[in-house]
$ cat start_3.json   # JSON, C-alpha atoms and all ligand atoms
[["chain", "number", "residue", "atom", "x", "y", "z"],
["L", 1, "MET", "CA", 31.40, 6.83, -4.19],
["L", 2, "PRO", "CA", 33.39, 3.62, -3.59],
["L", 3, "LEU", "CA", 37.15, 3.85, -4.06],
["L", 4, "SER", "CA", 36.86, 1.32, -6.82],
["L", 5, "THR", "CA", 34.56, -1.47, -7.79],
["L", 6, "PRO", "CA", 35.92, -4.82, -8.92],
["L", 7, "PRO", "CA", 35.46, -5.54, -12.61],
["L", 8, "ALA", "CA", 32.43, -7.56, -13.61],
["L", 9, "PRO", "CA", 33.55, -11.19, -14.01],
["L", 10, "GLN", "CA", 33.11, -12.48, -17.56],
["L", 11, "SER", "CA", 30.58, -15.11, -16.50],
["L", 12, "LEU", "CA", 28.37, -12.48, -14.88],
["L", 13, "GLN", "CA", 28.41, -9.93, -17.66],
["L", 14, "HIS", "CA", 25.37, -9.01, -19.67],
["L", 15, "ALA", "CA", 22.14, -10.89, -20.01],
["L", 16, "PRO", "CA", 22.02, -12.45, -23.44],
["L", 17, "GLY", "CA", 18.77, -12.25, -25.27],
["L", 18, "PRO", "CA", 16.66, -10.41, -27.71],
["L", 19, "GLN", "CA", 16.50, -6.64, -27.96],
["L", 20, "HIS", "CA", 12.74, -6.84, -28.55],
["L", 21, "ARG", "CA", 11.75, -7.75, -24.97],
["L", 22, "ARG", "CA", 8.64, -5.91, -23.83],
["L", 23, "PRO", "CA", 9.38, -2.64, -22.04],
["L", 24, "ALA", "CA", 8.87, -2.71, -18.26],
["L", 25, "VAL", "CA", 9.12, 1.08, -18.06],
["L", 26, "THR", "CA", 8.64, 3.63, -20.84],
["L", 27, "ALA", "CA", 9.12, 7.38, -20.62],
["L", 28, "THR", "CA", 7.80, 9.47, -23.51],
["L", 29, "GLY", "CA", 8.58, 13.16, -24.02],
["L", 30, "LEU", "CA", 9.39, 13.92, -20.36],
["L", 31, "TRP", "CA", 10.00, 17.51, -19.37],
["L", 32, "ARG", "CA", 10.75, 18.68, -15.83],
["L", 33, "ALA", "CA", 11.79, 22.19, -14.78],
["L", 34, "TYR", "CA", 12.40, 23.56, -11.30],
["L", 35, "GLY", "CA", 11.84, 27.21, -10.32],
["L", 36, "SER", "CA", 10.71, 29.92, -12.69],
["L", 37, "GLY", "CA", 11.93, 32.94, -14.63],
["L", 38, "GLU", "CA", 15.66, 33.63, -14.56],
["L", 39, "ALA", "CA", 16.20, 31.03, -11.86],
["L", 40, "GLN", "CA", 14.50, 28.23, -13.77],
["L", 41, "VAL", "CA", 16.50, 25.02, -14.21],
["L", 42, "VAL", "CA", 15.33, 22.59, -16.88],
["L", 43, "ALA", "CA", 16.31, 19.20, -15.46],
["L", 44, "LEU", "CA", 14.73, 17.03, -18.19],
["L", 45, "ARG", "CA", 14.24, 18.11, -21.81],
["L", 46, "ASP", "CA", 12.03, 15.88, -23.89],
["L", 47, "VAL", "CA", 13.41, 12.57, -22.60],
["L", 48, "SER", "CA", 12.06, 9.43, -24.25],
["L", 49, "VAL", "CA", 13.49, 6.08, -23.21],
["L", 50, "ALA", "CA", 12.27, 2.51, -22.69],
["L", 51, "PHE", "CA", 13.70, -0.04, -20.25],
["L", 52, "ALA", "CA", 13.21, -3.61, -21.41],
["L", 53, "ALA", "CA", 11.89, -6.22, -19.00],
["L", 54, "GLY", "CA", 14.54, -8.58, -17.65],
["L", 55, "ARG", "CA", 17.42, -6.24, -18.37],
["L", 56, "PHE", "CA", 19.83, -4.29, -16.22],
["L", 57, "THR", "CA", 20.24, -0.65, -17.29],
["L", 58, "ALA", "CA", 22.57, 1.94, -15.77],
["L", 59, "ILE", "CA", 21.94, 5.69, -15.99],
["L", 60, "MET", "CA", 25.08, 7.83, -15.98],
["L", 61, "GLY", "CA", 26.00, 11.42, -16.65],
["L", 62, "PRO", "CA", 27.77, 14.41, -15.12],
["L", 63, "SER", "CA", 26.59, 15.90, -11.84],
["L", 64, "GLY", "CA", 23.42, 17.90, -12.42],
["L", 65, "SER", "CA", 22.64, 16.17, -15.74],
["L", 66, "GLY", "CA", 19.20, 15.00, -14.51],
["L", 67, "LYS", "CA", 19.79, 11.37, -13.44],
["L", 68, "SER", "CA", 17.98, 11.59, -10.10],
["L", 69, "THR", "CA", 15.20, 13.67, -11.60],
["L", 70, "LEU", "CA", 14.68, 11.07, -14.33],
["L", 71, "MET", "CA", 14.66, 8.21, -11.83],
["L", 72, "HIS", "CA", 12.27, 10.03, -9.50],
["L", 73, "CYS", "CA", 9.91, 10.81, -12.41],
["L", 74, "LEU", "CA", 10.07, 7.18, -13.60],
["L", 75, "ALA", "CA", 9.24, 5.93, -10.10],
["L", 76, "GLY", "CA", 6.39, 8.39, -9.53],
["L", 77, "LEU", "CA", 8.32, 10.13, -6.73],
["L", 78, "ASP", "CA", 8.39, 13.43, -8.64],
["L", 79, "THR", "CA", 5.88, 15.01, -11.01],
["L", 80, "THR", "CA", 6.59, 15.83, -14.65],
["L", 81, "ASP", "CA", 5.64, 19.00, -16.53],
["L", 82, "ARG", "CA", 4.95, 17.16, -19.78],
["L", 83, "GLY", "CA", 5.19, 13.60, -21.08],
["L", 84, "THR", "CA", 4.16, 10.19, -19.79],
["L", 85, "VAL", "CA", 5.63, 7.33, -17.79],
["L", 86, "ASP", "CA", 4.28, 3.81, -18.27],
["L", 87, "ILE", "CA", 5.14, 1.09, -15.76],
["L", 88, "GLY", "CA", 4.11, -2.42, -16.75],
["L", 89, "GLY", "CA", 1.28, -1.13, -18.95],
["L", 90, "THR", "CA", -0.04, 1.49, -16.50],
["L", 91, "ILE", "CA", 0.41, 5.20, -17.23],
["L", 92, "ILE", "CA", 1.43, 6.68, -13.88],
["L", 93, "THR", "CA", 1.71, 10.35, -14.89],
["L", 94, "GLY", "CA", -1.36, 12.20, -13.67],
["L", 95, "MET", "CA", -2.30, 9.54, -11.10],
["L", 96, "GLY", "CA", -3.46, 10.72, -7.67],
["L", 97, "ASP", "CA", -1.26, 10.24, -4.60],
["L", 98, "LYS", "CA", -3.20, 7.27, -3.27],
["L", 99, "ALA", "CA", -3.09, 5.35, -6.55],
["L", 100, "LEU", "CA", 0.60, 6.18, -6.97],
["L", 101, "THR", "CA", 1.45, 4.95, -3.49],
["L", 102, "LYS", "CA", -0.31, 1.67, -4.23],
["L", 103, "LEU", "CA", 1.41, 1.33, -7.59],
["L", 104, "ARG", "CA", 4.84, 1.96, -6.06],
["L", 105, "ARG", "CA", 4.10, -0.63, -3.36],
["L", 106, "ASP", "CA", 2.90, -3.24, -5.85],
["L", 107, "LYS", "CA", 5.21, -2.71, -8.82],
["L", 108, "ILE", "CA", 8.42, -1.02, -7.72],
["L", 109, "GLY", "CA", 11.36, -2.01, -5.54],
["L", 110, "PHE", "CA", 13.83, 0.62, -4.33],
["L", 111, "ILE", "CA", 17.48, 0.42, -3.31],
["L", 112, "PHE", "CA", 19.02, 3.64, -1.97],
["L", 113, "GLN", "CA", 22.58, 4.76, -1.34],
["L", 114, "GLN", "CA", 21.79, 5.18, 2.40],
["L", 115, "PHE", "CA", 20.12, 1.72, 2.63],
["L", 116, "ASN", "CA", 16.96, 3.24, 4.26],
["L", 117, "LEU", "CA", 16.21, 0.26, 6.53],
["L", 118, "LEU", "CA", 13.88, 0.81, 9.48],
["L", 119, "PRO", "CA", 16.16, 0.88, 12.54],
["L", 120, "THR", "CA", 13.70, -0.69, 14.98],
["L", 121, "LEU", "CA", 13.08, -3.76, 12.82],
["L", 122, "THR", "CA", 15.29, -6.81, 12.38],
["L", 123, "ALA", "CA", 16.80, -7.67, 9.00],
["L", 124, "GLU", "CA", 14.07, -10.25, 8.42],
["L", 125, "GLU", "CA", 11.28, -7.83, 9.37],
["L", 126, "ASN", "CA", 12.76, -5.22, 7.03],
["L", 127, "ILE", "CA", 12.83, -7.75, 4.19],
["L", 128, "LEU", "CA", 9.20, -8.76, 4.76],
["L", 129, "LEU", "CA", 7.88, -5.22, 5.33],
["L", 130, "PRO", "CA", 6.87, -4.25, 1.76],
["L", 131, "ALA", "CA", 4.87, -7.44, 1.29],
["L", 132, "SER", "CA", 3.17, -7.04, 4.64],
["L", 133, "ILE", "CA", 2.29, -3.38, 3.93],
["L", 134, "ALA", "CA", 0.86, -4.47, 0.58],
["L", 135, "GLY", "CA", -1.28, -6.97, 2.49],
["L", 136, "ALA", "CA", 0.31, -9.83, 0.55],
["L", 137, "LYS", "CA", 1.82, -12.98, 1.99],
["L", 138, "ALA", "CA", 5.45, -13.24, 0.90],
["L", 139, "ASP", "CA", 6.25, -16.55, -0.79],
["L", 140, "PRO", "CA", 8.43, -18.34, 1.84],
["L", 141, "ALA", "CA", 10.35, -20.39, -0.73],
["L", 142, "TRP", "CA", 11.19, -17.26, -2.71],
["L", 143, "ILE", "CA", 12.22, -15.31, 0.40],
["L", 144, "SER", "CA", 14.47, -18.21, 1.54],
["L", 145, "GLN", "CA", 16.08, -18.36, -1.88],
["L", 146, "ILE", "CA", 16.88, -14.63, -1.84],
["L", 147, "ILE", "CA", 18.21, -14.81, 1.73],
["L", 148, "ARG", "CA", 20.45, -17.77, 0.84],
["L", 149, "THR", "CA", 21.69, -16.10, -2.34],
["L", 150, "LEU", "CA", 22.59, -12.99, -0.35],
["L", 151, "ASP", "CA", 24.13, -15.07, 2.44],
["L", 152, "LEU", "CA", 22.00, -13.39, 5.09],
["L", 153, "GLN", "CA", 20.86, -16.51, 6.99],
["L", 154, "GLU", "CA", 22.96, -15.69, 10.05],
["L", 155, "ARG", "CA", 21.90, -12.03, 10.14],
["L", 156, "LEU", "CA", 18.12, -12.23, 10.11],
["L", 157, "THR", "CA", 17.60, -11.35, 13.78],
["L", 158, "HIS", "CA", 20.02, -8.42, 13.70],
["L", 159, "LYS", "CA", 18.91, -4.80, 13.70],
["L", 160, "PRO", "CA", 20.47, -2.47, 11.06],
["L", 161, "THR", "CA", 22.90, -0.92, 13.59],
["L", 162, "GLU", "CA", 24.28, -4.42, 14.23],
["L", 163, "LEU", "CA", 25.07, -4.89, 10.53],
["L", 164, "SER", "CA", 27.91, -3.61, 8.35],
["L", 165, "GLY", "CA", 27.11, -1.28, 5.44],
["L", 166, "GLY", "CA", 27.47, -4.14, 2.98],
["L", 167, "GLN", "CA", 25.16, -6.36, 5.04],
["L", 168, "GLN", "CA", 22.59, -3.55, 5.31],
["L", 169, "GLN", "CA", 22.63, -3.06, 1.56],
["L", 170, "ARG", "CA", 22.20, -6.82, 1.03],
["L", 171, "VAL", "CA", 19.13, -6.65, 3.30],
["L", 172, "ALA", "CA", 17.88, -3.71, 1.21],
["L", 173, "CYS", "CA", 18.41, -5.81, -1.96],
["L", 174, "ALA", "CA", 16.40, -8.68, -0.44],
["L", 175, "ARG", "CA", 13.64, -6.25, 0.56],
["L", 176, "ALA", "CA", 13.51, -4.80, -2.98],
["L", 177, "LEU", "CA", 13.23, -8.26, -4.54],
["L", 178, "ALA", "CA", 10.83, -9.79, -1.99],
["L", 179, "THR", "CA", 7.66, -8.80, -3.83],
["L", 180, "ARG", "CA", 9.10, -9.61, -7.30],
["L", 181, "PRO", "CA", 8.40, -6.06, -8.49],
["L", 182, "GLU", "CA", 7.98, -5.07, -12.14],
["L", 183, "VAL", "CA", 11.13, -2.95, -11.78],
["L", 184, "ILE", "CA", 13.78, -2.14, -9.19],
["L", 185, "PHE", "CA", 15.16, 1.40, -9.14],
["L", 186, "ALA", "CA", 18.59, 1.55, -7.52],
["L", 187, "ASP", "CA", 19.98, 5.02, -6.73],
["L", 188, "GLU", "CA", 23.77, 4.82, -6.29],
["L", 189, "PRO", "CA", 23.44, 1.45, -4.50],
["L", 190, "THR", "CA", 27.22, 1.10, -4.07],
["L", 191, "GLY", "CA", 27.87, 4.77, -3.28],
["L", 192, "ASN", "CA", 28.48, 4.07, 0.43],
["L", 193, "LEU", "CA", 30.20, 0.71, 0.12],
["L", 194, "ASP", "CA", 33.80, -0.49, -0.02],
["L", 195, "THR", "CA", 35.10, -2.43, -3.00],
["L", 196, "ARG", "CA", 34.26, -5.87, -1.68],
["L", 197, "SER", "CA", 30.71, -5.03, -0.61],
["L", 198, "SER", "CA", 30.12, -3.17, -3.88],
["L", 199, "GLY", "CA", 31.11, -6.29, -5.80],
["L", 200, "GLU", "CA", 28.74, -8.44, -3.71],
["L", 201, "VAL", "CA", 25.80, -6.12, -4.29],
["L", 202, "LEU", "CA", 26.49, -5.71, -8.04],
["L", 203, "ARG", "CA", 26.94, -9.46, -8.56],
["L", 204, "PHE", "CA", 23.62, -10.00, -6.82],
["L", 205, "LEU", "CA", 21.85, -7.42, -8.97],
["L", 206, "ARG", "CA", 23.36, -9.05, -12.08],
["L", 207, "LYS", "CA", 22.27, -12.49, -10.88],
["L", 208, "SER", "CA", 18.74, -11.31, -10.12],
["L", 209, "VAL", "CA", 18.44, -10.22, -13.75],
["L", 210, "ASP", "CA", 20.05, -13.35, -15.24],
["L", 211, "ASP", "CA", 18.48, -15.98, -12.97],
["L", 212, "PHE", "CA", 15.24, -14.39, -11.77],
["L", 213, "GLY", "CA", 14.37, -12.19, -14.78],
["L", 214, "GLN", "CA", 14.31, -9.03, -12.65],
["L", 215, "THR", "CA", 14.31, -5.61, -14.37],
["L", 216, "ILE", "CA", 16.75, -3.11, -12.84],
["L", 217, "VAL", "CA", 17.41, 0.56, -13.52],
["L", 218, "MET", "CA", 20.41, 1.90, -11.59],
["L", 219, "VAL", "CA", 21.84, 5.41, -11.31],
["L", 220, "THR", "CA", 25.59, 5.33, -10.74],
["L", 221, "HIS", "CA", 28.69, 7.53, -11.03],
["L", 222, "ASP", "CA", 30.98, 4.51, -11.11],
["L", 223, "PRO", "CA", 32.01, 3.13, -14.56],
["L", 224, "SER", "CA", 32.94, -0.23, -13.00],
["L", 225, "ALA", "CA", 29.45, -0.53, -11.52],
["L", 226, "ALA", "CA", 27.87, 0.47, -14.85],
["L", 227, "ALA", "CA", 29.85, -2.33, -16.54],
["L", 228, "TYR", "CA", 27.66, -4.87, -14.69],
["L", 229, "ALA", "CA", 24.65, -3.57, -16.65],
["L", 230, "ASP", "CA", 23.43, -4.69, -20.08],
["L", 231, "ARG", "CA", 23.10, -1.12, -21.23],
["L", 232, "VAL", "CA", 24.12, 2.37, -20.15],
["L", 233, "VAL", "CA", 22.02, 5.43, -20.92],
["L", 234, "PHE", "CA", 23.97, 8.70, -20.66],
["L", 235, "LEU", "CA", 22.36, 12.01, -19.74],
["L", 236, "ALA", "CA", 23.86, 15.46, -20.26],
["L", 237, "ASP", "CA", 22.00, 18.73, -19.70],
["L", 238, "GLY", "CA", 18.72, 16.88, -19.19],
["L", 239, "GLN", "CA", 18.87, 14.96, -22.47],
["L", 240, "ILE", "CA", 19.84, 11.44, -23.43],
["L", 241, "VAL", "CA", 23.02, 11.83, -25.41],
["L", 242, "ARG", "CA", 24.35, 8.26, -25.70],
["L", 243, "ASP", "CA", 23.05, 4.74, -25.32],
["L", 244, "LEU", "CA", 25.67, 2.02, -24.94],
["L", 245, "ASP", "CA", 24.93, -1.70, -25.15],
["L", 246, "ARG", "CA", 27.11, -4.31, -23.47],
["L", 247, "PRO", "CA", 29.26, -1.67, -21.76],
["L", 248, "THR", "CA", 32.79, -2.18, -20.53],
["L", 249, "ALA", "CA", 34.21, 0.11, -17.83],
["L", 250, "ASP", "CA", 36.68, 1.51, -20.41],
["L", 251, "ALA", "CA", 33.93, 2.30, -22.93],
["L", 252, "VAL", "CA", 31.94, 4.04, -20.18],
["L", 253, "ILE", "CA", 34.98, 6.09, -19.12],
["L", 254, "ASP", "CA", 35.67, 7.09, -22.76],
["L", 255, "THR", "CA", 32.05, 8.13, -23.25],
["L", 256, "MET", "CA", 32.05, 10.21, -20.05],
["L", 257, "ARG", "CA", 35.30, 11.91, -21.13],
["L", 258, "GLY", "CA", 33.55, 12.83, -24.38],
["L", 259, "PHE", "CA", 30.91, 14.80, -22.43],
["L", 260, "GLU", "CA", 33.44, 16.62, -20.31],
["L", 261, "ASN", "CA", 35.00, 18.00, -23.53],
["L", 262, "ARG", "CA", 31.67, 18.47, -25.27],
["L", 263, "VAL", "CA", 30.89, 21.90, -26.71],
["L", 264, "PRO", "CA", 27.20, 22.72, -26.05],
["L", 265, "LEU", "CA", 25.03, 22.87, -29.16],
["L", 266, "ALA", "CA", 23.38, 26.15, -30.15],
["L", 267, "GLY", "CA", 20.44, 26.86, -27.83],
["L", 268, "GLU", "CA", 21.66, 24.37, -25.22],
["L", 269, "ALA", "CA", 22.55, 25.50, -21.70],
["L", 270, "ALA", "CA", 26.32, 25.60, -21.26],
["A", 1, "LIG", "N1", 14.05, 20.18, -6.10],
["A", 1, "LIG", "C1", 14.82, 20.90, -6.93],
["A", 1, "LIG", "N2", 14.74, 22.24, -6.95],
["A", 1, "LIG", "C2", 15.49, 22.99, -7.79],
["A", 1, "LIG", "N3", 16.38, 22.46, -8.66],
["A", 1, "LIG", "C3", 16.52, 21.13, -8.67],
["A", 1, "LIG", "C4", 15.76, 20.29, -7.80],
["A", 1, "LIG", "N4", 16.12, 18.99, -8.05],
["A", 1, "LIG", "C5", 17.06, 19.04, -9.01],
["A", 1, "LIG", "N5", 17.30, 20.31, -9.39],
["A", 1, "LIG", "C6", 18.24, 20.76, -10.44],
["A", 1, "LIG", "O1", 17.97, 19.99, -11.60],
["A", 1, "LIG", "C7", 19.19, 19.61, -12.24],
["A", 1, "LIG", "C8", 19.28, 18.10, -12.33],
["A", 1, "LIG", "O2", 19.43, 17.58, -11.01],
["A", 1, "LIG", "P1", 19.58, 16.04, -10.69],
["A", 1, "LIG", "O3", 19.66, 15.91, -9.19],
["A", 1, "LIG", "O4", 18.52, 15.29, -11.39],
["A", 1, "LIG", "O5", 20.99, 15.71, -11.36],
["A", 1, "LIG", "P2", 21.93, 14.42, -11.16],
["A", 1, "LIG", "O6", 22.45, 14.08, -12.51],
["A", 1, "LIG", "O7", 21.19, 13.37, -10.42],
["A", 1, "LIG", "O8", 23.10, 15.05, -10.28],
["A", 1, "LIG", "P3", 24.11, 14.33, -9.23],
["A", 1, "LIG", "O9", 24.92, 13.37, -10.05],
["A", 1, "LIG", "O10", 24.93, 15.47, -8.73],
["A", 1, "LIG", "O11", 23.27, 13.66, -8.18],
["A", 1, "LIG", "C9", 20.31, 20.24, -11.43],
["A", 1, "LIG", "O12", 20.67, 21.45, -12.02],
["A", 1, "LIG", "C10", 19.67, 20.46, -10.07],
["A", 1, "LIG", "O13", 20.27, 21.56, -9.40]]

$ encode --input "start_3.json" --output "structure tokens" --more "lines below"
Ligand SMILES: Nc1ncnc2c1ncn2[C@@H]1O[C@H](COP(=O)(O)OP(=O)(O)OP(=O)(O)O)[C@@H](O)[C@H]1O
Amino acid sequence: MPLSTPPAPQSLQHAPGPQHRRPAVTATGLWRAYGSGEAQVVALRDVSVAFAAGRFTAIMGPSGSGKSTLMHCLAGLDTTDRGTVDIGGTIITGMGDKALTKLRRDKIGFIFQQFNLLPTLTAEENILLPASIAGAKADPAWISQIIRTLDLQERLTHKPTELSGGQQQRVACARALATRPEVIFADEPTGNLDTRSSGEVLRFLRKSVDDFGQTIVMVTHDPSAAAYADRVVFLADGQIVRDLDRPTADAVIDTMRGFENRVPLAGEAA
């Protein structure tokens, strides 16, 4: 987790716009349990949530509340026990491995806490890799625009080990955006970055929503990072317990404090 993340500048906060945008991703009645019998852990309990196209949503919640499980189920990286996930009009739950791999390649961009760049490839090759695997020709004007926006022009021939953490994550952002995916899932994208690099990455994610219409769903522990989003969905004990529009870092902190003091409801795991 970064020491702190700079506050979202006023001009970069929150995409304006209607609440009735079409959903890019919809989860309906998701259940996911791990293990069985006494040792069973129910990670998701009947989660239904939609993520509107062209919006930036953060997912927050205490450790173990089900954030990663939800993101993995939404992205087709984990299976669900019950319920459906729809990405851009395609129901992905129940798809075979081959179809899922293709769908992830064509419709989803990923940004991970550990960057996950291929060490033997240059920054530019890493950025172009998803398009080339998909057998598509990346649009050169679009790629140049992303590279300029991320200020990576001077770094394109560098391998990941020759780049700072912040530069590596900017390359990962460019890679995620290169194919203009239906949705980008970002899992703690600033978790390994210092304050300055965190701000650069979050401002870019915000800009990609505002200027390029990108849809982003980001798991984070950091209230300052969540304040860059248009909306924060809070999980506790595998359920969505709050949904905050136009979040400020203070409102996010207050909401999180509420969960820490929350008394479990009857029948809920403590
Ligand atoms: N593969 C697994 N096998 C068994 N239990 C699991 C597995 N993955 C997750 N869990 C359990 O499911 C629950 C939800 O885990 P999950 O990783 O989704 O939470 P999280 O909110 O992302 O936590 P953190 O903030 O600590 O990363 C936890 O109790 C966790 O121990």

$ residues_around --input "start_3.json" --residues "range 234-248 of chain L" --least-positions-apart "2" --cutoff "7 Å" --atoms "only C-alpha atoms" --output "PDB file with C-alpha atoms, in the frame of the given file"
ATOM      1  CA  HIS L  14      25.370  -9.010 -19.670  1.00  0.00           C
ATOM      2  CA  ALA L  43      16.310  19.200 -15.460  1.00  0.00           C
ATOM      3  CA  LEU L  44      14.730  17.030 -18.190  1.00  0.00           C
ATOM      4  CA  ARG L  45      14.240  18.110 -21.810  1.00  0.00           C
ATOM      5  CA  VAL L  47      13.410  12.570 -22.600  1.00  0.00           C
ATOM      6  CA  ILE L  59      21.940   5.690 -15.990  1.00  0.00           C
ATOM      7  CA  MET L  60      25.080   7.830 -15.980  1.00  0.00           C
ATOM      8  CA  GLY L  61      26.000  11.420 -16.650  1.00  0.00           C
ATOM      9  CA  PRO L  62      27.770  14.410 -15.120  1.00  0.00           C
ATOM     10  CA  SER L  65      22.640  16.170 -15.740  1.00  0.00           C
ATOM     11  CA  GLY L  66      19.200  15.000 -14.510  1.00  0.00           C
ATOM     12  CA  LYS L  67      19.790  11.370 -13.440  1.00  0.00           C
ATOM     13  CA  ALA L 227      29.850  -2.330 -16.540  1.00  0.00           C
ATOM     14  CA  ASP L 230      23.430  -4.690 -20.080  1.00  0.00           C
ATOM     15  CA  ARG L 231      23.100  -1.120 -21.230  1.00  0.00           C
ATOM     16  CA  VAL L 232      24.120   2.370 -20.150  1.00  0.00           C
ATOM     17  CA  ASP L 250      36.680   1.510 -20.410  1.00  0.00           C
ATOM     18  CA  ALA L 251      33.930   2.300 -22.930  1.00  0.00           C
ATOM     19  CA  VAL L 252      31.940   4.040 -20.180  1.00  0.00           C
TER      20      VAL L 252
END

$ closest_residue --input "start_3.json" --among "L:Ala131, L:Ile87, L:Val219, L:Ala229" --to "ligand LIG 1 (chain A)" --atoms "all atoms listed in the file"
L:Val219

$ axis_aligned_box --input "start_3.json" --around "ligand LIG 1 (chain A)" --padding-each-side "8 Å" --output "AutoDock Vina command-line options"
--center_x 19.5 --center_y 18.2 --center_z -9.3 --size_x 26.9 --size_y 25.6 --size_z 22.4

$ residues_around --input "start_3.json" --residues "range 90-105 of chain L" --least-positions-apart "4" --cutoff "12 Å" --atoms "all atoms listed in the file" --output "number ranges by chain"
L: 23-31, 72-86, 109-110, 129-136, 175-185

$ write_last_selection --input "start_3.json" --atoms "C-alpha atoms" --output "PDB file, in the frame of the given file"
ATOM      1  CA  PRO L  23       9.380  -2.640 -22.040  1.00  0.00           C
ATOM      2  CA  ALA L  24       8.870  -2.710 -18.260  1.00  0.00           C
ATOM      3  CA  VAL L  25       9.120   1.080 -18.060  1.00  0.00           C
ATOM      4  CA  THR L  26       8.640   3.630 -20.840  1.00  0.00           C
ATOM      5  CA  ALA L  27       9.120   7.380 -20.620  1.00  0.00           C
ATOM      6  CA  THR L  28       7.800   9.470 -23.510  1.00  0.00           C
ATOM      7  CA  GLY L  29       8.580  13.160 -24.020  1.00  0.00           C
ATOM      8  CA  LEU L  30       9.390  13.920 -20.360  1.00  0.00           C
ATOM      9  CA  TRP L  31      10.000  17.510 -19.370  1.00  0.00           C
ATOM     10  CA  HIS L  72      12.270  10.030  -9.500  1.00  0.00           C
ATOM     11  CA  CYS L  73       9.910  10.810 -12.410  1.00  0.00           C
ATOM     12  CA  LEU L  74      10.070   7.180 -13.600  1.00  0.00           C
ATOM     13  CA  ALA L  75       9.240   5.930 -10.100  1.00  0.00           C
ATOM     14  CA  GLY L  76       6.390   8.390  -9.530  1.00  0.00           C
ATOM     15  CA  LEU L  77       8.320  10.130  -6.730  1.00  0.00           C
ATOM     16  CA  ASP L  78       8.390  13.430  -8.640  1.00  0.00           C
ATOM     17  CA  THR L  79       5.880  15.010 -11.010  1.00  0.00           C
ATOM     18  CA  THR L  80       6.590  15.830 -14.650  1.00  0.00           C
ATOM     19  CA  ASP L  81       5.640  19.000 -16.530  1.00  0.00           C
ATOM     20  CA  ARG L  82       4.950  17.160 -19.780  1.00  0.00           C
ATOM     21  CA  GLY L  83       5.190  13.600 -21.080  1.00  0.00           C
ATOM     22  CA  THR L  84       4.160  10.190 -19.790  1.00  0.00           C
ATOM     23  CA  VAL L  85       5.630   7.330 -17.790  1.00  0.00           C
ATOM     24  CA  ASP L  86       4.280   3.810 -18.270  1.00  0.00           C
ATOM     25  CA  GLY L 109      11.360  -2.010  -5.540  1.00  0.00           C
ATOM     26  CA  PHE L 110      13.830   0.620  -4.330  1.00  0.00           C
ATOM     27  CA  LEU L 129       7.880  -5.220   5.330  1.00  0.00           C
ATOM     28  CA  PRO L 130       6.870  -4.250   1.760  1.00  0.00           C
ATOM     29  CA  ALA L 131       4.870  -7.440   1.290  1.00  0.00           C
ATOM     30  CA  SER L 132       3.170  -7.040   4.640  1.00  0.00           C
ATOM     31  CA  ILE L 133       2.290  -3.380   3.930  1.00  0.00           C
ATOM     32  CA  ALA L 134       0.860  -4.470   0.580  1.00  0.00           C
ATOM     33  CA  GLY L 135      -1.280  -6.970   2.490  1.00  0.00           C
ATOM     34  CA  ALA L 136       0.310  -9.830   0.550  1.00  0.00           C
ATOM     35  CA  ARG L 175      13.640  -6.250   0.560  1.00  0.00           C
ATOM     36  CA  ALA L 176      13.510  -4.800  -2.980  1.00  0.00           C
ATOM     37  CA  LEU L 177      13.230  -8.260  -4.540  1.00  0.00           C
ATOM     38  CA  ALA L 178      10.830  -9.790  -1.990  1.00  0.00           C
ATOM     39  CA  THR L 179       7.660  -8.800  -3.830  1.00  0.00           C
ATOM     40  CA  ARG L 180       9.100  -9.610  -7.300  1.00  0.00           C
ATOM     41  CA  PRO L 181       8.400  -6.060  -8.490  1.00  0.00           C
ATOM     42  CA  GLU L 182       7.980  -5.070 -12.140  1.00  0.00           C
ATOM     43  CA  VAL L 183      11.130  -2.950 -11.780  1.00  0.00           C
ATOM     44  CA  ILE L 184      13.780  -2.140  -9.190  1.00  0.00           C
ATOM     45  CA  PHE L 185      15.160   1.400  -9.140  1.00  0.00           C
TER      46      PHE L 185
END

$ closest_residue --input "start_3.json" --among "L:Met218, L:Ala141, L:Leu163, L:Ala249" --to "ligand LIG 1 (chain A)" --atoms "only C-alpha atoms and all ligand atoms"
L:Met218

$ decode --input "start_3.json" --residues "range 93-110 of chain L" --atoms "C-alpha atoms" --output "compact mmCIF listing (two decimals), in the first residue's frame"
# COMPACT_ATOMS: atom_id res chain seq x y z
CA THR L 93 -20.43 -17.66 -16.71
CA GLY L 94 -20.45 -21.23 -17.97
CA MET L 95 -18.20 -20.49 -20.97
CA GLY L 96 -15.46 -23.01 -21.78
CA ASP L 97 -11.79 -22.15 -21.19
CA LYS L 98 -11.04 -21.44 -24.84
CA ALA L 99 -13.95 -19.05 -25.29
CA LEU L 100 -13.13 -17.33 -21.99
CA THR L 101 -9.50 -16.83 -22.96
CA LYS L 102 -10.59 -15.24 -26.22
CA LEU L 103 -13.14 -13.04 -24.46
CA ARG L 104 -10.56 -11.86 -21.91
CA ARG L 105 -8.13 -11.08 -24.74
CA ASP L 106 -10.72 -9.18 -26.78
CA LYS L 107 -12.75 -7.38 -24.11
CA ILE L 108 -10.71 -7.01 -20.93
CA GLY L 109 -7.60 -5.08 -19.95
CA PHE L 110 -5.78 -5.89 -16.71
